[in-house]
Amino acid sequence: MPCSRRYCAPALVAEAAGGYKPQPMFARLGQLIARRPGILITVWVLVIGGSAFWAFRAEPAPPPKTDSLLPADCAHNRAVELIHRAFPDLAARSRVVIVGYRGSGLEPADLTWMGAAARQAAKAAAPVTGVDASDRILSPDVPYLKPRLVSPDGQAAMALVNLPTNFISPVTARAVNAIDEALGDMKRPPGLTVEMTDSAVGGRDYALKAEEALDRTTLVTIVAVLTILALVYRSPVGVVVPLVSIGASVFLAFVVLAALAKGGWEVSDMERIFAVVLIFGAGVDYALFWISRYRESLQARLAYEPAAVSATRFAGPAILAGAATTICGLSTLAFTDLGPTRNAGKVLAIVLTIGLLAALTLAPALCRALRGAFFWPVGAAGGSSIGQRHLWPRLAGIVAGNPILCLLAGTLLLGLPALYSLRLPARFDSLSELPPDSPSARGFELMSRHFEKSQLYASALMIEFERPVDSSDLRQLSQSVADRIAPMGGVDDVYSLGAPLGRKQRTGMPPQLASLLSQLAAEFYVSKSSEVLRLEILIDHLPFSPEAMTIVEQAMMISREEAGQLADRYGKAEILGSGLTPYVLSVRDVVQADQRRVMLLATLVIGLIVLGLIRHLRLTLFMLLATWLTFGATVTLSDLFFTQVMGTYGLDWKVRLIVFVIVVAVGQDYNIFLAARLFQELPQAGRAEAARRAIVSTGAVISNCGLIMAATLGSLWAGKLTLLQQAGFSLALGVLIDTFFVRPILIPSFFLVVMRSRDQGQAEASTATAVSRPAGGFPAQVHTHADPEDPGSD
């Protein structure tokens with residue numbers, strides 16, 4: 001045995017260059033892990049057992065009531081509320097479109113069947129939603145609706161059923177299933193192909209695919225972590241211990257989420273997917289940080305107990321600090337207005353906290369209890385890897401010998417693609433997220449082949465006055481607005497009070513018939529109170545395209561100008577839009593505000609944490625700058641990959657927000673661990689030697705952690721959903737850039753450039769004690785006199 005005493009002072013001196021005064025929390029935790037690991041293991045067993053008992057007996061949480069993803073006061077939700085008040089027969093939170101197709105051309109019996117199918121669908125949905133939607137259907141068997149609902153080639157037709165619940169609501173999914181079953185029971189005309197699509201069906205299909213993605217992503221994540229751990233430790237026990245620890249924390253996290261869902265929190269499968277990959281990635285990282293220091297201590301010939309104490313004292317503060325940046329960074333999502341990101345901020349912060357607790361208690365306790373068996377059969381000494389023998393020493397020598405060149409070249413290499421990312425427009429293409437080969441995707445493809453874009457994606461404008469408006473003024477206003485909008489490029493037609501079937505249909509129509517149709521359709525264009533006027537714009541562009549959004553914004557401006565001429569008689573008018581394009585505009589406005597808020601808050605919070613730890617302003621600012629550059633470069637390279645290599649769409653707006661928070665937060669994890677080692681080595685060596693030692697000593701463990709984090713985040717690709725694939729690739733790329741470029745090159749080179757060398761004079765040497773604990777918790781390697789019997793004393 002390398003040390004005969006229970007706590008060997010000479011060994012502690014060899015490990016920490018004389019010992020240090022530890023923080024009480026980590027001193028006590030280290031002693032508990034070293035002396036009584038069974039207590040910690042027992043506590044975790046009891047917690048997991050109790051959680052499993054509760055989960056087995058607990059009733060499933062009721063489905064959350066989700067009215068909208070957007071804040072209640074946003075323009076789109078105000079428009080929805082206005083439709084409910086002014087045009088209740090058109091009110092809807094989501095919609096089912098029944099598509100019928102016959103290659104030889106639709107027959108009258110087909111249209112009759114589709115009308116009956118729409119009514120049956122409304123009847124089937126009513127018991128689920130609690131609202132009778134029979135008066136909220138549009139079917140192609142109604143003569144004056146045929147121009148809108150039958151394709152120009154006569155081969156396809158649509159029947160529309162409006163639902164009162166949001167498209168992501170579980171209630172909507174059950175209503176769609178009821179409609180699907182009801183249509184399946186109906187006898188359809190031979191040869192008629194029928195599909196369902198639109199927002200309600202897409203939401204149902206997306207939820208089903210997300211549930212499948214959770215299982216698939218979890219399996220791929222476990223396999224990836226197992227593979228990397230096996231290569232790192234070459235020990236079956238060393239592979240199992242981190243997985244047992246993280247598996248316990250994942251199970252406990254899911255039980256906590258289930259309890260929160262019963263308490264009214266909204267927890268979706270998408271949040272569970274990200275919870276799994278982040279717990280596995282970050283949790284295994286934290287465990288590896290501790291195990292790496294534990295192994296170092298054993299290699300320095302410490303006994304198992306003092307090695308466990310030493311590992312906890314040295315690695316614990318860095319683990320806690322790194323986790324704090326990640327947890328606090330993700331928590332800033334809770335301050336967003338968009339529902340899913342706000343929920344993710346709360347959920348992910350909680351689950352990562354559970355993963356941190358397991359990594360600081362259960363994993364070390366298991367390692368300590370297993371003693372030498374943990375490293376069997378290679379032993380704690382193991383064998384140094386190629387990276388430890390060649391890569392990291394060589395790279396450390398380059399950085400230490402040419403810090404200015406490395407800093408300038410590295411910043412330029414990362415900065416150019418980061419600057420280019422500012423030119424990349426955000427993509428708001430929600431239609432591309434329809435799961436492949438799903439009913440909603442098949443129905444959408446069928447509609448797209450036979451209908452013009454203008455028939456599928458009408459946008460409605462509503463002009464609401466403070467007082468009732470005279471009917472003649474309403475007709476004149478409707479006419480003037482339609483006359484100005486119709487000639488705009490990209491506008492196919494305008495449906496209004498004077499032309500309820502469109503201006504094209506009105507051409508050549510006898511005036512008496514046009515007047516009769518206007519009277520019959522008035523309820524769809526003027527509210528009963530005569531305070532709201534409605535128009536529909538048929539746009540010949542995809543609804544999420546910049547062209548469509550520009551047209552809607554210009555149409556709203558025209559409506560505002562025309563309505564302003566009546567303000568003196570009827571009060572100020574509010575202009576609101578409904579439909580997919582106005583919805584995308586509201587999402588864009590909310591997302592842009594959320595991104596600015598999150599970027600500012602996350603940078604500020606993480607910056608304050610890092611500054612409080614390393615107490616060096618310039619290094620803190622550069623660490624933040626480096627992660628910002630990593631984010632920008634990741635966005636550019638990922639966008640190029642999907643557009644140029646995969647031949648698909650650019651990055652979705654949600655991916656940008658996810659990548660920013662995770663890359664900036666997780667990136668600081670590794671930077672903090674490196675900074676901790678830099679400052680621990682600094683009192684015993686000059687700047688260059690401290691940087692060299694820090695790069696070499698942390699190279700293997702941070703690289704392994706980075707690979708594990710990249711692998712777990714990259715496993716999102718297995719989810720087979722566009723959002724998950726883009727997020728998985730982008731996050732993995734960002735973590736790899738930070739792991740193998742920012743951490744070993746940029747941070748040490750900046751440290752060497754700006755930190756004063758101790759060789760410059762006695763002044764710096766005299767401040768060695770002052771900087772001995774620069775991280776506010778990172779133990780420094782300074783000489784003290786430790787009690788050989790008590791490692792917690794000086």
# chains A, B, ... in the order shown; residues from 1 in each chain; ligands from 1
>>> residues_around(residues="Val220 of chain A", least_positions_apart="5", cutoff="12 Å", atoms="only C-alpha atoms", output="PyMOL selection string")
chain A and resi 213-215+225-227+273+276-277+280+711-719
>>> write_last_selection(atoms="N, CA and C atoms", output="CSV table (one decimal), in the first residue's frame")
chain,number,residue,atom,x,y,z
A,213,ALA,N,-39.2,9.3,-31.2
A,213,ALA,CA,-37.9,9.9,-31.2
A,213,ALA,C,-37.2,9.8,-29.8
A,214,LEU,N,-38.1,9.9,-28.8
A,214,LEU,CA,-37.6,9.8,-27.4
A,214,LEU,C,-36.9,8.5,-27.2
A,215,ASP,N,-37.6,7.4,-27.6
A,215,ASP,CA,-37.1,6.0,-27.4
A,215,ASP,C,-35.8,5.8,-28.2
A,225,VAL,N,-22.5,6.6,-25.5
A,225,VAL,CA,-21.8,6.8,-24.3
A,225,VAL,C,-21.0,5.5,-23.9
A,226,LEU,N,-21.7,4.4,-24.0
A,226,LEU,CA,-21.0,3.1,-23.7
A,226,LEU,C,-19.7,2.9,-24.6
A,227,THR,N,-19.9,3.2,-25.8
A,227,THR,CA,-18.7,3.0,-26.7
A,227,THR,C,-17.6,3.9,-26.4
A,273,ILE,N,-36.7,14.6,-24.5
A,273,ILE,CA,-35.6,14.2,-25.4
A,273,ILE,C,-34.4,15.0,-25.1
A,276,VAL,N,-32.8,14.0,-21.7
A,276,VAL,CA,-32.0,12.8,-21.8
A,276,VAL,C,-30.6,13.1,-22.3
A,277,VAL,N,-30.5,13.7,-23.4
A,277,VAL,CA,-29.2,13.9,-24.0
A,277,VAL,C,-28.4,14.9,-23.2
A,280,PHE,N,-27.2,12.9,-19.9
A,280,PHE,CA,-26.2,11.9,-20.2
A,280,PHE,C,-24.9,12.6,-20.6
A,711,ALA,N,-21.4,13.4,-28.9
A,711,ALA,CA,-22.1,12.1,-29.2
A,711,ALA,C,-23.5,12.1,-28.7
A,712,THR,N,-23.7,12.5,-27.5
A,712,THR,CA,-25.1,12.5,-26.9
A,712,THR,C,-26.0,13.6,-27.6
A,713,LEU,N,-25.5,14.8,-27.8
A,713,LEU,CA,-26.2,15.8,-28.5
A,713,LEU,C,-26.5,15.4,-30.0
A,714,GLY,N,-25.4,14.8,-30.6
A,714,GLY,CA,-25.6,14.4,-32.0
A,714,GLY,C,-26.6,13.2,-32.1
A,715,SER,N,-26.8,12.5,-31.1
A,715,SER,CA,-27.8,11.4,-31.1
A,715,SER,C,-29.2,11.9,-31.4
A,716,LEU,N,-29.4,13.2,-31.3
A,716,LEU,CA,-30.7,13.8,-31.6
A,716,LEU,C,-31.1,13.5,-33.1
A,717,TRP,N,-30.0,13.3,-33.9
A,717,TRP,CA,-30.2,13.0,-35.3
A,717,TRP,C,-31.1,11.8,-35.5
A,718,ALA,N,-31.0,10.9,-34.6
A,718,ALA,CA,-31.7,9.6,-34.7
A,718,ALA,C,-33.2,9.8,-34.5
A,719,GLY,N,-33.6,11.0,-34.0
A,719,GLY,CA,-35.0,11.3,-33.8
A,719,GLY,C,-35.8,11.4,-35.1
>>> select_by_dssp(residues="segment 105-272 of chain A", states="strand (DSSP E or B)", output="PyMOL selection string")
chain A and resi 137-138+150+156-163+193-197
>>> write_last_selection(atoms="C-alpha atoms", output="CSV table (one decimal), in the first residue's frame")
chain,number,residue,atom,x,y,z
A,137,ILE,CA,-67.1,23.4,-41.6
A,138,LEU,CA,-66.5,24.3,-45.2
A,150,VAL,CA,-62.0,22.2,-55.7
A,156,ALA,CA,-58.9,17.1,-55.8
A,157,ALA,CA,-61.1,18.8,-53.3
A,158,MET,CA,-60.8,19.9,-49.7
A,159,ALA,CA,-63.3,19.8,-46.8
A,160,LEU,CA,-62.3,22.0,-43.7
A,161,VAL,CA,-63.2,21.3,-40.1
A,162,ASN,CA,-62.3,24.0,-37.6
A,163,LEU,CA,-61.4,22.9,-34.0
A,193,THR,CA,-58.3,8.5,-52.3
A,194,VAL,CA,-58.7,10.3,-49.0
A,195,GLU,CA,-56.1,11.8,-46.7
A,196,MET,CA,-56.1,14.2,-43.8
A,197,THR,CA,-53.7,17.1,-43.1
>>> closest_residue(among="A:Ser527, A:Gln455, A:Thr341, A:Thr112", to="Tyr495 of chain A", atoms="only C-alpha atoms")
A:Gln455
>>> residues_around(residues="Glu547 of chain A", least_positions_apart="3", cutoff="12 Å", atoms="only C-alpha atoms", output="PyMOL selection string")
chain A and resi 488-491+539-544+550-554+581+585
>>> write_last_selection(atoms="N, CA, C and O atoms", output="mmCIF file, in the first residue's frame")
data_model
loop_
_atom_site.group_PDB
_atom_site.id
_atom_site.type_symbol
_atom_site.label_atom_id
_atom_site.label_comp_id
_atom_site.auth_asym_id
_atom_site.auth_seq_id
_atom_site.Cartn_x
_atom_site.Cartn_y
_atom_site.Cartn_z
ATOM 1 N N MET A 488 -50.991 44.336 -56.069
ATOM 2 C CA MET A 488 -49.661 44.080 -55.536
ATOM 3 C C MET A 488 -49.074 42.801 -56.128
ATOM 4 O O MET A 488 -49.786 41.815 -56.336
ATOM 5 N N GLY A 489 -47.784 42.812 -56.390
ATOM 6 C CA GLY A 489 -47.122 41.621 -56.907
ATOM 7 C C GLY A 489 -47.193 40.475 -55.926
ATOM 8 O O GLY A 489 -46.910 40.656 -54.735
ATOM 9 N N GLY A 490 -47.584 39.301 -56.403
ATOM 10 C CA GLY A 490 -47.704 38.131 -55.547
ATOM 11 C C GLY A 490 -49.089 37.922 -54.984
ATOM 12 O O GLY A 490 -49.347 36.885 -54.366
ATOM 13 N N VAL A 491 -50.004 38.870 -55.188
ATOM 14 C CA VAL A 491 -51.384 38.713 -54.723
ATOM 15 C C VAL A 491 -52.203 38.105 -55.856
ATOM 16 O O VAL A 491 -52.300 38.674 -56.946
ATOM 17 N N ILE A 539 -52.401 34.694 -51.551
ATOM 18 C CA ILE A 539 -51.022 35.057 -51.896
ATOM 19 C C ILE A 539 -50.372 33.901 -52.634
ATOM 20 O O ILE A 539 -50.449 32.747 -52.191
ATOM 21 N N ASP A 540 -49.708 34.220 -53.735
ATOM 22 C CA ASP A 540 -49.078 33.189 -54.565
ATOM 23 C C ASP A 540 -47.637 32.930 -54.130
ATOM 24 O O ASP A 540 -46.720 32.874 -54.952
ATOM 25 N N HIS A 541 -47.425 32.793 -52.831
ATOM 26 C CA HIS A 541 -46.122 32.446 -52.264
ATOM 27 C C HIS A 541 -46.363 31.524 -51.083
ATOM 28 O O HIS A 541 -47.450 31.535 -50.477
ATOM 29 N N LEU A 542 -45.360 30.740 -50.727
ATOM 30 C CA LEU A 542 -45.472 29.936 -49.520
ATOM 31 C C LEU A 542 -45.661 30.853 -48.315
ATOM 32 O O LEU A 542 -45.065 31.934 -48.244
ATOM 33 N N PRO A 543 -46.461 30.449 -47.345
ATOM 34 C CA PRO A 543 -46.865 31.369 -46.268
ATOM 35 C C PRO A 543 -45.736 31.842 -45.369
ATOM 36 O O PRO A 543 -45.836 32.893 -44.746
ATOM 37 N N PHE A 544 -44.645 31.062 -45.286
ATOM 38 C CA PHE A 544 -43.544 31.423 -44.396
ATOM 39 C C PHE A 544 -42.428 32.140 -45.145
ATOM 40 O O PHE A 544 -41.383 32.425 -44.569
ATOM 41 N N THR A 550 -43.910 40.001 -46.390
ATOM 42 C CA THR A 550 -43.875 41.397 -46.835
ATOM 43 C C THR A 550 -45.235 41.830 -47.359
ATOM 44 O O THR A 550 -45.700 42.955 -47.081
ATOM 45 N N ILE A 551 -45.903 40.969 -48.137
ATOM 46 C CA ILE A 551 -47.221 41.306 -48.678
ATOM 47 C C ILE A 551 -48.220 41.549 -47.559
ATOM 48 O O ILE A 551 -48.990 42.520 -47.588
ATOM 49 N N VAL A 552 -48.237 40.684 -46.556
ATOM 50 C CA VAL A 552 -49.176 40.843 -45.443
ATOM 51 C C VAL A 552 -48.891 42.138 -44.684
ATOM 52 O O VAL A 552 -49.809 42.879 -44.315
ATOM 53 N N GLU A 553 -47.625 42.433 -44.448
ATOM 54 C CA GLU A 553 -47.280 43.668 -43.734
ATOM 55 C C GLU A 553 -47.704 44.890 -44.535
ATOM 56 O O GLU A 553 -48.235 45.857 -43.964
ATOM 57 N N GLN A 554 -47.510 44.870 -45.841
ATOM 58 C CA GLN A 554 -47.931 45.994 -46.676
ATOM 59 C C GLN A 554 -49.452 46.102 -46.719
ATOM 60 O O GLN A 554 -49.999 47.216 -46.690
ATOM 61 N N THR A 581 -49.522 33.001 -42.505
ATOM 62 C CA THR A 581 -48.511 34.054 -42.639
ATOM 63 C C THR A 581 -48.562 35.049 -41.475
ATOM 64 O O THR A 581 -47.513 35.372 -40.897
ATOM 65 N N LEU A 585 -45.583 35.792 -38.738
ATOM 66 C CA LEU A 585 -45.123 37.136 -38.383
ATOM 67 C C LEU A 585 -45.114 37.330 -36.869
ATOM 68 O O LEU A 585 -44.173 37.917 -36.316
#
>>> closest_residue(among="A:Leu461, A:Leu32, A:Ile404, A:Met709", to="Leu731 of chain A", atoms="only C-alpha atoms")
A:Met709
>>> residues_around(residues="Gly415 of chain A", least_positions_apart="4", cutoff="9 Å", atoms="only C-alpha atoms", output="number ranges by chain")
A: 410-411, 419-420, 629-630, 632-633
>>> residues_around(residues="Ser421 of chain A", least_positions_apart="3", cutoff="12 Å", atoms="only C-alpha atoms", output="PyMOL selection string")
chain A and resi 414-418+424-426+628-640+650-651+656
>>> write_last_selection(atoms="C-alpha atoms", output="mmCIF file, in the first residue's frame")
data_model
loop_
_atom_site.group_PDB
_atom_site.id
_atom_site.type_symbol
_atom_site.label_atom_id
_atom_site.label_comp_id
_atom_site.auth_asym_id
_atom_site.auth_seq_id
_atom_site.Cartn_x
_atom_site.Cartn_y
_atom_site.Cartn_z
ATOM 1 C CA LEU A 414 -13.419 31.449 -36.036
ATOM 2 C CA GLY A 415 -14.483 35.054 -36.539
ATOM 3 C CA LEU A 416 -15.010 35.010 -40.314
ATOM 4 C CA PRO A 417 -17.789 32.388 -40.356
ATOM 5 C CA ALA A 418 -19.220 33.954 -37.195
ATOM 6 C CA LEU A 424 -28.143 34.310 -42.724
ATOM 7 C CA PRO A 425 -31.912 34.857 -42.438
ATOM 8 C CA ALA A 426 -33.881 32.872 -39.905
ATOM 9 C CA TRP A 628 -20.085 33.802 -29.103
ATOM 10 C CA LEU A 629 -17.716 33.229 -32.017
ATOM 11 C CA THR A 630 -18.226 29.481 -31.632
ATOM 12 C CA PHE A 631 -21.975 30.005 -31.832
ATOM 13 C CA GLY A 632 -21.722 32.161 -34.959
ATOM 14 C CA ALA A 633 -19.346 29.773 -36.702
ATOM 15 C CA THR A 634 -21.564 26.829 -35.780
ATOM 16 C CA VAL A 635 -24.623 28.513 -37.288
ATOM 17 C CA THR A 636 -22.800 29.284 -40.534
ATOM 18 C CA LEU A 637 -21.195 25.872 -40.961
ATOM 19 C CA SER A 638 -24.392 24.033 -40.032
ATOM 20 C CA ASP A 639 -26.463 26.116 -42.422
ATOM 21 C CA LEU A 640 -23.988 25.401 -45.214
ATOM 22 C CA GLY A 650 -31.374 26.201 -43.781
ATOM 23 C CA LEU A 651 -31.452 26.266 -39.996
ATOM 24 C CA ARG A 656 -30.455 28.995 -33.350
#
